[in-house]
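Have a look at work23.txt; it's compact mmCIF, C-alpha atoms:
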# COMPACT_ATOMS: atom_id res chain seq x y z
CA MET A 1 19.90 -33.84 -16.69
CA LYS A 2 18.75 -36.10 -19.55
CA THR A 3 15.27 -36.19 -18.04
CA ILE A 4 15.16 -32.39 -17.92
CA VAL A 5 16.24 -32.13 -21.57
CA MET A 6 13.67 -34.74 -22.63
CA ALA A 7 10.89 -32.93 -20.73
CA TRP A 8 11.79 -29.65 -22.41
CA ARG A 9 11.83 -31.26 -25.87
CA ASN A 10 8.46 -32.88 -25.22
CA LEU A 11 7.10 -29.44 -24.44
CA LEU A 12 8.06 -28.23 -27.91
CA ARG A 13 6.70 -31.22 -29.81
CA GLN A 14 3.18 -29.80 -30.06
CA LYS A 15 3.75 -26.05 -30.02
CA ARG A 16 0.25 -25.10 -31.12
CA ARG A 17 -1.48 -27.31 -28.56
CA THR A 18 0.91 -26.10 -25.86
CA LEU A 19 0.11 -22.48 -26.68
CA ILE A 20 -3.65 -23.11 -26.69
CA THR A 21 -3.36 -24.94 -23.37
CA LEU A 22 -1.44 -22.06 -21.81
CA SER A 23 -3.62 -19.28 -23.25
CA ALA A 24 -5.83 -19.09 -20.13
CA LEU A 25 -2.76 -18.88 -17.88
CA ILE A 26 -1.14 -16.25 -20.11
CA VAL A 27 -4.20 -14.00 -20.24
CA GLY A 28 -4.99 -14.51 -16.56
CA LEU A 29 -1.51 -13.71 -15.30
CA CYS A 30 -1.33 -10.71 -17.64
CA GLY A 31 -4.39 -9.34 -15.84
CA VAL A 32 -2.93 -10.19 -12.43
CA VAL A 33 0.33 -8.35 -13.23
CA VAL A 34 -1.52 -5.23 -14.40
CA PHE A 35 -3.91 -5.31 -11.41
CA GLN A 36 -1.06 -5.91 -8.95
CA GLY A 37 0.92 -2.98 -10.39
CA TYR A 38 -2.17 -0.76 -10.26
CA ILE A 39 -2.94 -1.67 -6.64
CA THR A 40 0.72 -1.25 -5.64
CA SER A 41 0.83 2.24 -7.15
CA LEU A 42 -2.54 3.18 -5.69
CA MET A 43 -1.63 2.00 -2.19
CA ARG A 44 1.79 3.65 -2.28
CA SER A 45 0.13 6.95 -3.14
CA PHE A 46 -2.47 6.35 -0.41
CA ARG A 47 0.33 5.53 2.05
CA ASP A 48 2.19 8.76 1.27
CA ARG A 49 -1.01 10.84 1.56
CA THR A 50 -1.78 9.18 4.90
CA ILE A 51 1.71 9.91 6.23
CA HIS A 52 1.58 13.55 5.15
CA ALA A 53 -1.99 14.11 6.37
CA GLY A 54 -0.78 14.66 9.94
CA ILE A 55 0.70 11.32 11.00
CA GLY A 56 4.31 11.55 9.85
CA HIS A 57 6.70 8.64 9.50
CA LEU A 58 7.27 8.57 13.26
CA GLN A 59 5.57 10.01 16.30
CA ILE A 60 7.40 10.35 19.61
CA ALA A 61 5.60 10.91 22.90
CA ARG A 62 6.38 10.75 26.61
CA SER A 63 4.30 7.64 27.16
CA SER A 64 2.14 5.22 25.19
CA GLY A 65 -0.97 6.72 26.81
CA TYR A 66 -0.72 9.67 24.43
CA PHE A 67 -1.62 7.46 21.47
CA GLU A 68 -4.84 6.42 23.20
CA ASP A 69 -6.29 9.72 24.39
CA GLY A 70 -3.58 12.34 23.90
CA GLU A 71 -5.28 13.96 20.94
CA PHE A 72 -8.10 15.13 23.20
CA ASN A 73 -5.99 15.59 26.34
CA PRO A 74 -2.48 16.58 25.19
CA TYR A 75 -1.68 18.51 28.37
CA ALA A 76 -1.18 15.31 30.35
CA TYR A 77 1.61 14.12 28.05
CA ALA A 78 3.80 17.16 27.47
CA LEU A 79 7.45 16.38 26.68
CA LYS A 80 9.55 18.46 29.08
CA ASP A 81 12.79 18.22 27.05
CA SER A 82 11.26 18.46 23.58
CA GLU A 83 13.74 21.10 22.34
CA LYS A 84 16.74 18.93 23.18
CA LEU A 85 15.11 15.90 21.62
CA LEU A 86 14.30 17.84 18.44
CA ALA A 87 17.91 18.99 18.12
CA GLY A 88 19.12 15.40 18.37
CA LEU A 89 16.55 14.17 15.84
CA SER A 90 17.51 16.78 13.27
CA GLU A 91 21.09 15.47 13.26
CA GLN A 92 20.11 11.86 12.59
CA PRO A 93 20.71 10.48 9.09
CA GLY A 94 17.51 9.81 7.21
CA VAL A 95 15.52 12.53 9.02
CA LEU A 96 14.11 15.12 6.63
CA ALA A 97 12.22 17.16 9.23
CA ALA A 98 11.40 16.90 12.93
CA PHE A 99 8.95 19.28 14.57
CA PRO A 100 6.56 19.53 17.53
CA SER A 101 2.80 19.61 17.53
CA THR A 102 0.07 20.04 20.05
CA GLY A 103 -3.65 20.57 20.05
CA PHE A 104 -6.58 21.58 22.17
CA THR A 105 -10.33 21.21 22.15
CA SER A 106 -12.22 24.47 22.12
CA ILE A 107 -15.56 26.08 21.51
CA ALA A 108 -15.38 28.60 18.67
CA GLY A 109 -17.93 31.40 18.65
CA LYS A 110 -18.88 34.22 16.30
CA GLY A 111 -21.93 36.24 17.13
CA ASP A 112 -24.65 33.82 18.14
CA LYS A 113 -23.04 30.91 16.28
CA SER A 114 -20.76 28.33 17.88
CA VAL A 115 -19.07 25.03 17.03
CA THR A 116 -16.73 22.64 18.81
CA LEU A 117 -13.28 22.46 17.23
CA LEU A 118 -10.25 20.25 17.67
CA VAL A 119 -7.46 22.70 16.93
CA LYS A 120 -4.23 21.12 15.69
CA ALA A 121 -1.06 23.17 15.92
CA TYR A 122 2.09 22.72 13.83
CA PRO A 123 4.89 25.14 12.95
CA ALA A 124 3.61 27.39 10.17
CA GLU A 125 6.38 26.28 7.79
CA ARG A 126 5.25 22.64 8.14
CA MET A 127 1.63 23.19 7.03
CA PHE A 128 0.62 22.93 3.39
CA PHE A 129 -2.78 23.49 1.78
CA ALA A 130 -3.17 22.54 -1.87
CA PRO A 131 -4.54 25.22 -4.22
CA THR A 132 -8.06 24.86 -5.58
CA GLY A 133 -8.47 23.37 -9.03
CA GLY A 134 -5.36 21.25 -9.12
CA ARG A 135 -3.82 18.24 -7.46
CA VAL A 136 -0.62 19.34 -5.79
CA VAL A 137 1.45 16.88 -3.79
CA PRO A 138 2.72 18.49 -0.57
CA PRO A 139 6.47 18.98 -0.20
CA ALA A 140 8.18 16.04 1.49
CA ASP A 141 8.92 18.09 4.63
CA ARG A 142 5.34 19.31 5.21
CA PHE A 143 1.92 18.00 6.13
CA GLY A 144 -0.76 18.28 3.44
CA LEU A 145 -3.84 19.29 5.42
CA GLY A 146 -6.46 19.84 2.73
CA THR A 147 -7.45 22.01 -0.21
CA LEU A 148 -7.37 25.78 0.18
CA LEU A 149 -10.70 27.35 -0.79
CA SER A 150 -10.00 30.97 0.11
CA GLY A 151 -7.47 33.12 1.92
CA ALA A 152 -3.88 32.13 2.71
CA PRO A 153 -2.50 30.00 5.56
CA PRO A 154 -0.61 31.76 8.37
CA SER A 155 3.05 32.54 7.76
CA ALA A 156 5.89 32.09 10.22
CA GLY A 157 5.83 34.85 12.83
CA GLU A 158 2.12 35.56 12.58
CA ARG A 159 0.18 34.97 15.78
CA ASP A 160 -3.40 34.13 16.68
CA ARG A 161 -4.35 33.10 13.16
CA ILE A 162 -6.50 30.08 12.35
CA VAL A 163 -7.46 28.02 9.29
CA LEU A 164 -11.08 26.86 9.48
CA GLY A 165 -12.67 23.94 7.71
CA GLU A 166 -15.35 24.63 5.13
CA THR A 167 -18.16 23.12 7.21
CA ALA A 168 -17.16 24.89 10.43
CA ALA A 169 -16.81 28.21 8.56
CA ARG A 170 -20.29 27.78 7.09
CA ILE A 171 -21.77 27.13 10.55
CA LEU A 172 -20.01 30.18 12.01
CA GLU A 173 -20.67 32.27 8.89
CA ALA A 174 -16.97 33.10 8.89
CA ARG A 175 -14.68 34.01 6.00
CA PRO A 176 -11.03 35.09 5.68
CA GLY A 177 -10.57 38.18 7.82
CA SER A 178 -13.34 37.26 10.27
CA VAL A 179 -12.54 37.18 13.97
CA ILE A 180 -13.74 34.24 16.05
CA THR A 181 -13.37 33.62 19.78
CA LEU A 182 -11.91 30.36 21.04
CA MET A 183 -12.67 29.14 24.55
CA ALA A 184 -10.58 26.26 25.92
CA VAL A 185 -9.81 24.59 29.24
CA LEU A 186 -6.18 25.10 30.27
CA PRO A 187 -3.85 22.48 31.80
CA ASN A 188 -4.43 23.86 35.31
CA GLY A 189 -8.19 23.60 34.90
CA GLY A 190 -8.79 27.28 34.21
CA LEU A 191 -10.67 28.66 31.22
CA ASN A 192 -9.05 30.87 28.61
CA GLY A 193 -10.55 32.78 25.75
CA ARG A 194 -8.84 34.57 22.88
CA ASP A 195 -9.75 36.09 19.56
CA PHE A 196 -8.28 34.42 16.46
CA THR A 197 -8.35 35.86 12.96
CA VAL A 198 -9.51 33.48 10.23
CA ASP A 199 -6.73 33.46 7.66
CA ALA A 200 -8.10 30.80 5.34
CA ILE A 201 -10.84 28.25 4.67
CA TYR A 202 -9.90 24.70 3.68
CA ARG A 203 -11.78 21.62 2.49
CA ASP A 204 -11.10 18.05 3.55
CA PRO A 205 -14.20 15.81 3.56
CA GLY A 206 -14.77 14.19 6.94
CA ARG A 207 -12.42 16.56 8.78
CA ASP A 208 -13.33 20.12 7.90
CA LYS A 209 -16.14 20.39 10.45
CA ILE A 210 -14.09 19.35 13.47
CA PHE A 211 -10.45 20.16 12.69
CA ALA A 212 -8.96 23.62 12.54
CA PHE A 213 -5.28 24.56 12.33
CA THR A 214 -3.11 27.21 13.92
CA ASP A 215 0.62 27.73 14.27
CA TYR A 216 2.45 25.99 17.11
CA ASP A 217 3.67 29.16 18.86
CA SER A 218 0.13 30.58 19.05
CA ALA A 219 -1.13 27.35 20.59
CA VAL A 220 1.67 27.34 23.17
CA SER A 221 0.91 30.96 24.09
CA PHE A 222 -2.82 30.28 24.31
CA THR A 223 -2.66 27.11 26.40
CA GLY A 224 0.51 27.75 28.40
CA ILE A 225 1.82 24.22 27.91
CA GLU A 226 5.41 23.54 28.97
CA GLY A 227 6.37 21.20 26.14
CA ALA A 228 5.17 19.61 22.93
CA ALA A 229 2.61 16.85 23.28
CA VAL A 230 4.19 14.85 20.46
CA LEU A 231 7.07 15.15 18.01
CA HIS A 232 6.62 14.26 14.36
CA VAL A 233 9.40 12.94 12.18
CA LEU A 234 9.32 13.00 8.39
CA ALA A 235 11.93 10.64 6.96
CA ARG A 236 13.63 10.83 3.59
CA ASP A 237 12.04 7.52 2.67
CA VAL A 238 9.98 4.80 4.32
CA GLY A 239 13.00 2.50 4.57
CA ALA A 240 14.70 4.91 6.99
CA VAL A 241 11.90 4.68 9.58
CA GLY A 242 13.16 1.50 11.27
CA PRO A 243 16.77 2.70 11.79
CA ILE A 244 15.57 6.07 13.11
CA ALA A 245 13.23 4.41 15.62
CA ALA A 246 15.97 1.99 16.73
CA ARG A 247 18.27 4.87 17.69
CA LEU A 248 15.73 6.52 20.00
CA SER A 249 15.73 6.14 23.76
CA PRO A 250 13.71 3.17 25.07
CA ASP A 251 12.19 5.54 27.65
CA LEU A 252 10.19 7.23 24.91
CA ALA A 253 6.97 5.97 23.35
CA VAL A 254 7.49 5.65 19.60
CA ARG A 255 4.93 4.77 16.94
CA THR A 256 5.64 4.35 13.24
CA TRP A 257 3.25 5.35 10.49
CA HIS A 258 2.30 1.70 10.09
CA ASP A 259 1.25 1.52 13.75
CA LEU A 260 -0.90 4.64 13.44
CA ALA A 261 -2.38 4.32 9.95
CA THR A 262 -4.90 1.62 10.84
CA TYR A 263 -7.28 2.55 8.03
CA PHE A 264 -4.49 2.26 5.46
CA VAL A 265 -3.51 -1.15 6.85
CA GLN A 266 -7.12 -2.37 6.62
CA VAL A 267 -7.54 -1.17 3.03
CA ASN A 268 -4.16 -2.57 1.99
CA THR A 269 -5.00 -5.93 3.56
CA MET A 270 -8.34 -5.97 1.76
CA PHE A 271 -6.79 -5.26 -1.65
CA ASN A 272 -4.06 -7.86 -1.08
CA GLY A 273 -6.81 -10.33 -0.22
CA PHE A 274 -8.59 -9.54 -3.49
CA LEU A 275 -5.36 -10.03 -5.39
CA GLY A 276 -4.71 -13.33 -3.63
CA VAL A 277 -8.20 -14.61 -4.47
CA ILE A 278 -7.82 -13.66 -8.14
CA ARG A 279 -4.41 -15.35 -8.33
CA ALA A 280 -5.78 -18.47 -6.62
CA ILE A 281 -8.68 -18.70 -9.09
CA ILE A 282 -6.33 -18.43 -12.05
CA LEU A 283 -3.98 -21.05 -10.62
CA LEU A 284 -6.85 -23.44 -9.89
CA LEU A 285 -8.07 -22.96 -13.44
CA THR A 286 -4.54 -23.74 -14.59
CA LEU A 287 -4.55 -26.84 -12.41
CA PHE A 288 -7.68 -28.26 -14.13
CA ILE A 289 -6.57 -27.32 -17.65
CA MET A 290 -3.10 -28.77 -17.14
CA ALA A 291 -4.49 -31.96 -15.60
CA ASN A 292 -6.76 -32.46 -18.61
CA THR A 293 -3.95 -31.72 -21.06
CA MET A 294 -1.46 -34.01 -19.34
CA ASN A 295 -4.07 -36.79 -19.25
CA ARG A 296 -4.34 -36.53 -23.02
CA ILE A 297 -0.55 -36.44 -23.41
CA VAL A 298 -0.10 -39.50 -21.20
CA ARG A 299 -2.78 -41.40 -23.10
CA GLU A 300 -1.30 -40.51 -26.49
CA ARG A 301 2.25 -41.49 -25.47
CA MET A 302 1.55 -44.82 -23.79
CA ARG A 303 3.70 -46.68 -26.30
CA GLU A 304 6.47 -44.16 -25.71
CA TRP A 305 6.35 -44.79 -21.96
CA GLY A 306 6.44 -48.53 -22.60
CA THR A 307 9.46 -48.17 -24.88
CA LEU A 308 11.30 -46.08 -22.28
CA ARG A 309 10.47 -48.62 -19.58
CA ALA A 310 11.68 -51.47 -21.81
CA MET A 311 14.96 -49.59 -22.36
CA GLY A 312 15.54 -49.51 -18.62
CA MET A 313 14.00 -46.24 -17.38
CA LYS A 314 12.55 -46.64 -13.90
CA LYS A 315 9.00 -45.77 -12.89
CA HIS A 316 10.14 -42.72 -10.97
CA GLY A 317 11.98 -41.54 -14.09
CA ILE A 318 8.76 -41.64 -16.15
CA LEU A 319 6.88 -39.87 -13.36
CA GLN A 320 9.59 -37.24 -13.13
CA LEU A 321 9.49 -36.75 -16.91
CA VAL A 322 5.72 -36.11 -16.91
CA VAL A 323 5.81 -33.78 -13.89
CA LEU A 324 8.73 -31.80 -15.33
CA GLU A 325 6.90 -31.37 -18.62
CA GLY A 326 3.91 -29.96 -16.74
CA PHE A 327 6.18 -27.75 -14.63
CA PHE A 328 7.85 -26.35 -17.76
CA GLN A 329 4.47 -25.62 -19.30
CA GLY A 330 3.49 -23.68 -16.20
CA ILE A 331 6.77 -21.74 -16.16
CA VAL A 332 6.59 -20.90 -19.87
CA GLY A 333 2.92 -19.86 -19.63
CA ALA A 334 3.59 -17.74 -16.55
CA ALA A 335 6.63 -16.10 -18.17
CA LEU A 336 4.62 -15.22 -21.29
CA GLY A 337 1.75 -13.92 -19.16
CA ILE A 338 4.06 -11.77 -17.04
CA LEU A 339 5.84 -10.47 -20.16
CA LEU A 340 2.49 -9.58 -21.71
CA GLY A 341 1.42 -7.93 -18.45
CA PHE A 342 4.56 -5.80 -18.40
CA GLY A 343 3.93 -4.79 -22.00
CA VAL A 344 0.29 -3.83 -21.33
CA SER A 345 1.36 -1.91 -18.22
CA GLU A 346 3.93 0.08 -20.18
CA LEU A 347 1.34 0.92 -22.83
CA LEU A 348 -1.09 2.13 -20.15
CA ASN A 349 1.67 4.21 -18.53
CA LEU A 350 2.51 5.78 -21.90
CA ARG A 351 -1.14 6.83 -22.17
CA GLY A 352 -0.88 8.48 -18.75
CA GLY A 353 -2.01 5.63 -16.51
CA VAL A 354 -5.39 4.38 -15.30
CA PRO A 355 -7.97 6.96 -14.11
CA PHE A 356 -9.00 6.98 -10.47
CA VAL A 357 -11.46 9.36 -8.78
CA ALA A 358 -10.90 10.37 -5.14
CA ASN A 359 -12.51 13.26 -3.27
CA ASP A 360 -14.00 14.61 -6.53
CA GLN A 361 -10.54 14.67 -8.09
CA ARG A 362 -9.73 12.55 -11.14
CA VAL A 363 -6.12 11.39 -11.08
CA MET A 364 -4.16 9.11 -13.38
CA VAL A 365 -2.50 6.20 -11.59
CA LYS A 366 0.63 4.73 -13.16
CA ILE A 367 1.11 0.95 -13.12
CA LEU A 368 4.02 0.27 -10.77
CA LEU A 369 5.94 -2.88 -11.72
CA SER A 370 8.36 -4.70 -9.42
CA GLY A 371 10.11 -8.01 -8.94
CA GLN A 372 7.14 -9.21 -6.87
CA SER A 373 5.08 -9.23 -10.06
CA ILE A 374 7.47 -11.88 -11.38
CA TRP A 375 8.17 -14.19 -8.47
CA TRP A 376 4.71 -14.15 -6.89
CA ASN A 377 3.27 -15.35 -10.21
CA LEU A 378 6.02 -17.36 -11.89
CA ILE A 379 6.89 -19.84 -9.13
CA PRO A 380 3.29 -20.66 -8.04
CA ALA A 381 2.27 -21.23 -11.66
CA GLY A 382 5.12 -23.71 -12.17
CA VAL A 383 4.36 -25.51 -8.91
CA PHE A 384 0.62 -25.76 -9.65
CA ALA A 385 1.26 -27.00 -13.19
CA GLY A 386 3.71 -29.63 -11.89
CA ALA A 387 1.20 -30.72 -9.26
CA ALA A 388 -1.50 -31.01 -11.94
CA SER A 389 0.77 -33.41 -13.85
CA PHE A 390 1.36 -35.73 -10.92
CA LEU A 391 -1.80 -37.85 -11.19
CA PRO A 392 -1.46 -38.28 -14.99
CA GLY A 393 2.16 -39.29 -14.32
CA ILE A 394 0.95 -41.97 -11.90
CA ARG A 395 -1.21 -43.34 -14.70
CA ALA A 396 1.82 -43.50 -17.00
CA VAL A 397 3.75 -45.74 -14.60
CA ARG A 398 0.85 -47.86 -13.41
CA LEU A 399 0.90 -50.17 -16.44
CA THR A 400 3.68 -52.61 -17.27
CA PRO A 401 5.90 -51.97 -20.31
CA SER A 402 4.09 -54.66 -22.32
CA GLU A 403 0.68 -53.20 -21.48
CA CYS A 404 1.89 -49.75 -22.51
CA LEU A 405 3.18 -51.08 -25.84
CA ARG A 406 -0.19 -52.65 -26.61
CA GLN A 407 -1.94 -49.25 -26.29
CA ILE A 408 -3.07 -47.66 -29.55
Taking this structure as input, can you express it in the form of structure tokens?
Amino acid sequence: MKTIVMAWRNLLRQKRRTLITLSALIVGLCGVVVFQGYITSLMRSFRDRTIHAGIGHLQIARSSGYFEDGEFNPYAYALKDSEKLLAGLSEQPGVLAAFPSTGFTSIAGKGDKSVTLLVKAYPAERMFFAPTGGRVVPPADRFGLGTLLSGAPPSAGERDRIVLGETAARILEARPGSVITLMAVLPNGGLNGRDFTVDAIYRDPGRDKIFAFTDYDSAVSFTGIEGAAVLHVLARDVGAVGPIAARLSPDLAVRTWHDLATYFVQVNTMFNGFLGVIRAIILLLTLFIMANTMNRIVRERMREWGTLRAMGMKKHGILQLVVLEGFFQGIVGAALGILLGFGVSELLNLRGGVPFVANDQRVMVKILLSGQSIWWNLIPAGVFAGAASFLPGIRAVRLTPSECLRQI
């Protein structure tokens, strides 16, 4: 305990030099805290958009084969008892909504124009298209499928209505109210054709040429399938996904959003890698600065080390004193840097956040602060600073007490 108290007092002996030494760590960790909060907020928003873009928190299928080729061949994986399974899911705690979906590949024609479409079918009350000119987050119990350019999506009870993507509508020269003909291969191998009325046109870059949307009942009537290809579950929060999946029958194939959102996982891993590299650079810089500072401190206090040795303090006690002083410098610098980072983050949030442009939309991202911003920066900084003080500490105990006392 005495060694700890002495190390802390030594830290305060040269306050100005200590502050100058720690300035790089303070400024660096301030930037890390702000960047980490920005990335956390950005990725959480990206995660929620990915979940509500058609994945859901959970997907339940008859077999794992559905998740490999079921999107293009859903007929082979129809759930025979989907209604019973849906009823049981709706009663589970943590489930906000559970609903079926299916899809089929078709050729859409209008006049002499044609295009291949992958038609996705959900219950009408589970589809949401954001209005043009504003960023609207979809309700928690719906899928956000794009931005509505014209028309209105089909309502519950309407049949044989379709929402076309902007690119597909341009190819077909279709607009709301137009009638297009869909031709698709049925489960039994036959060919079926039916006229669908275009209710709306949506925009979603990368998807609006291939994907079109219709209500689930119209798709069932058109294809004659006997059960849903997959069931989607929207949970009240991400933390409820694990318990919900654990309560399902082991005979079912279950995939969580994390299993299905491979692009999100790749981007998140990339950003975490960037953050780790930045933190490592700052800590290595701290290591060199602290080593230089502790070398100076050890050299200036040689007579002090000799006096302590002459009074009976062991070598390991001197080494411990030097390392603890370095550790405390790292902890204090990290704490000040984190505190400054929290302050800067709050100021940015008060101004509305940090701008970010996605899909031609400019949004303001709030800095999201958490306990990880503290512990992932505070402890490593203290450890690195203590490690940087080890070699100077070895120098302090290498000389005999008499040699230390002769140092000027």
Please produce, as a Markdown table, a per-residue contact table for segment 291-407 of chain A versus segment 41-58 of chain A (criterion: any atom at most 7 Å away, all atoms listed in the file considered), showing the nearest atom pair and its distance in Å to one decimal, sorted by chain then residue number.
| residue | atom | partner | partner_atom | distance |
| --- | --- | --- | --- | --- |
| A:Val365 | CA | A:Leu42 | CA | 6.6 |
| A:Lys366 | CA | A:Ser41 | CA | 6.5 |
| A:Ile367 | CA | A:Ser41 | CA | 6.1 |
| A:Leu368 | CA | A:Ser41 | CA | 5.2 |
When you look at Ser106 of chain A with a cut-off of 8 Å (counting only C-alpha atoms), what residues show up, excluding the ones that are within fewer than 6 positions of it in the same chain? I need them as a PyMOL selection string. chain A and resi 116-119+182-185
Could you check how far atom CA of Thr269 of chain A sits from atom CA of Leu283 of chain A, in Å to one decimal?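 Here the two named atoms are 20.8 Å from each other.
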Restricting the calculation to only C-alpha atoms: of A:Gly165, A:Pro131, A:Gly227, A:Pro380, which residue gets closest to Leu79 of chain A?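 Once distances to Leu79 of chain A are computed over only C-alpha atoms, the minimum belongs to A:Gly227.
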Calculate how many Å separate atom CA of Ala98 of chain A from atom CA of Val230 of chain A, rounding to one decimal. 10.6 Å
Write out as a ChimeraX atom specification each polymer residue whose atoms come within 7 Å of segment 26-35 of chain A, counting all atoms listed in the file; drop sequence neighbours fewer than 3 positions from it. /A:22-23,38-39,279,282,333-334,336-338,340-341,345,367,373
Residue neighbourhood Tyr75 of chain A, 7 Å, all atoms listed in the file, exclusion window fewer than 6 positions, as a PDB file with C-alpha atoms, in the coordinates of the input:
ATOM      1  CA  PRO A 187      -3.850  22.480  31.800  1.00  0.00           C
ATOM      2  CA  ILE A 225       1.820  24.220  27.910  1.00  0.00           C
ATOM      3  CA  ALA A 229       2.610  16.850  23.280  1.00  0.00           C
TER       4      ALA A 229
END
What does the distance from atom CA of Phe328 of chain A to atom CA of Ser370 of chain A come to in Å, to one decimal? 23.2 Å
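If you measure from each of A:Leu252, A:Leu25, A:Ile244, A:Ala130 to Ile60 of chain A using all atoms listed in the file, the closest one turns out to be A:Leu252.
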Using all atoms listed in the file, can you tell me which of A:Asp208, A:Asp259, A:Asp112, A:Asp215 comes closest to Leu148 of chain A?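 Among A:Asp208, A:Asp259, A:Asp112, A:Asp215, it is A:Asp208 that comes nearest to Leu148 of chain A.
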Contact residues around Leu172 of chain A with only C-alpha atoms at 8 Å, ignoring same-chain residues under 4 positions, as a PyMOL selection string: chain A and resi 109-110+113-115+168
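Restricting the calculation to all atoms listed in the file, the smallest distance between Phe129 of chain A and any of A:Phe67, A:Trp376, A:Tyr202, A:Phe327 is found for A:Tyr202.
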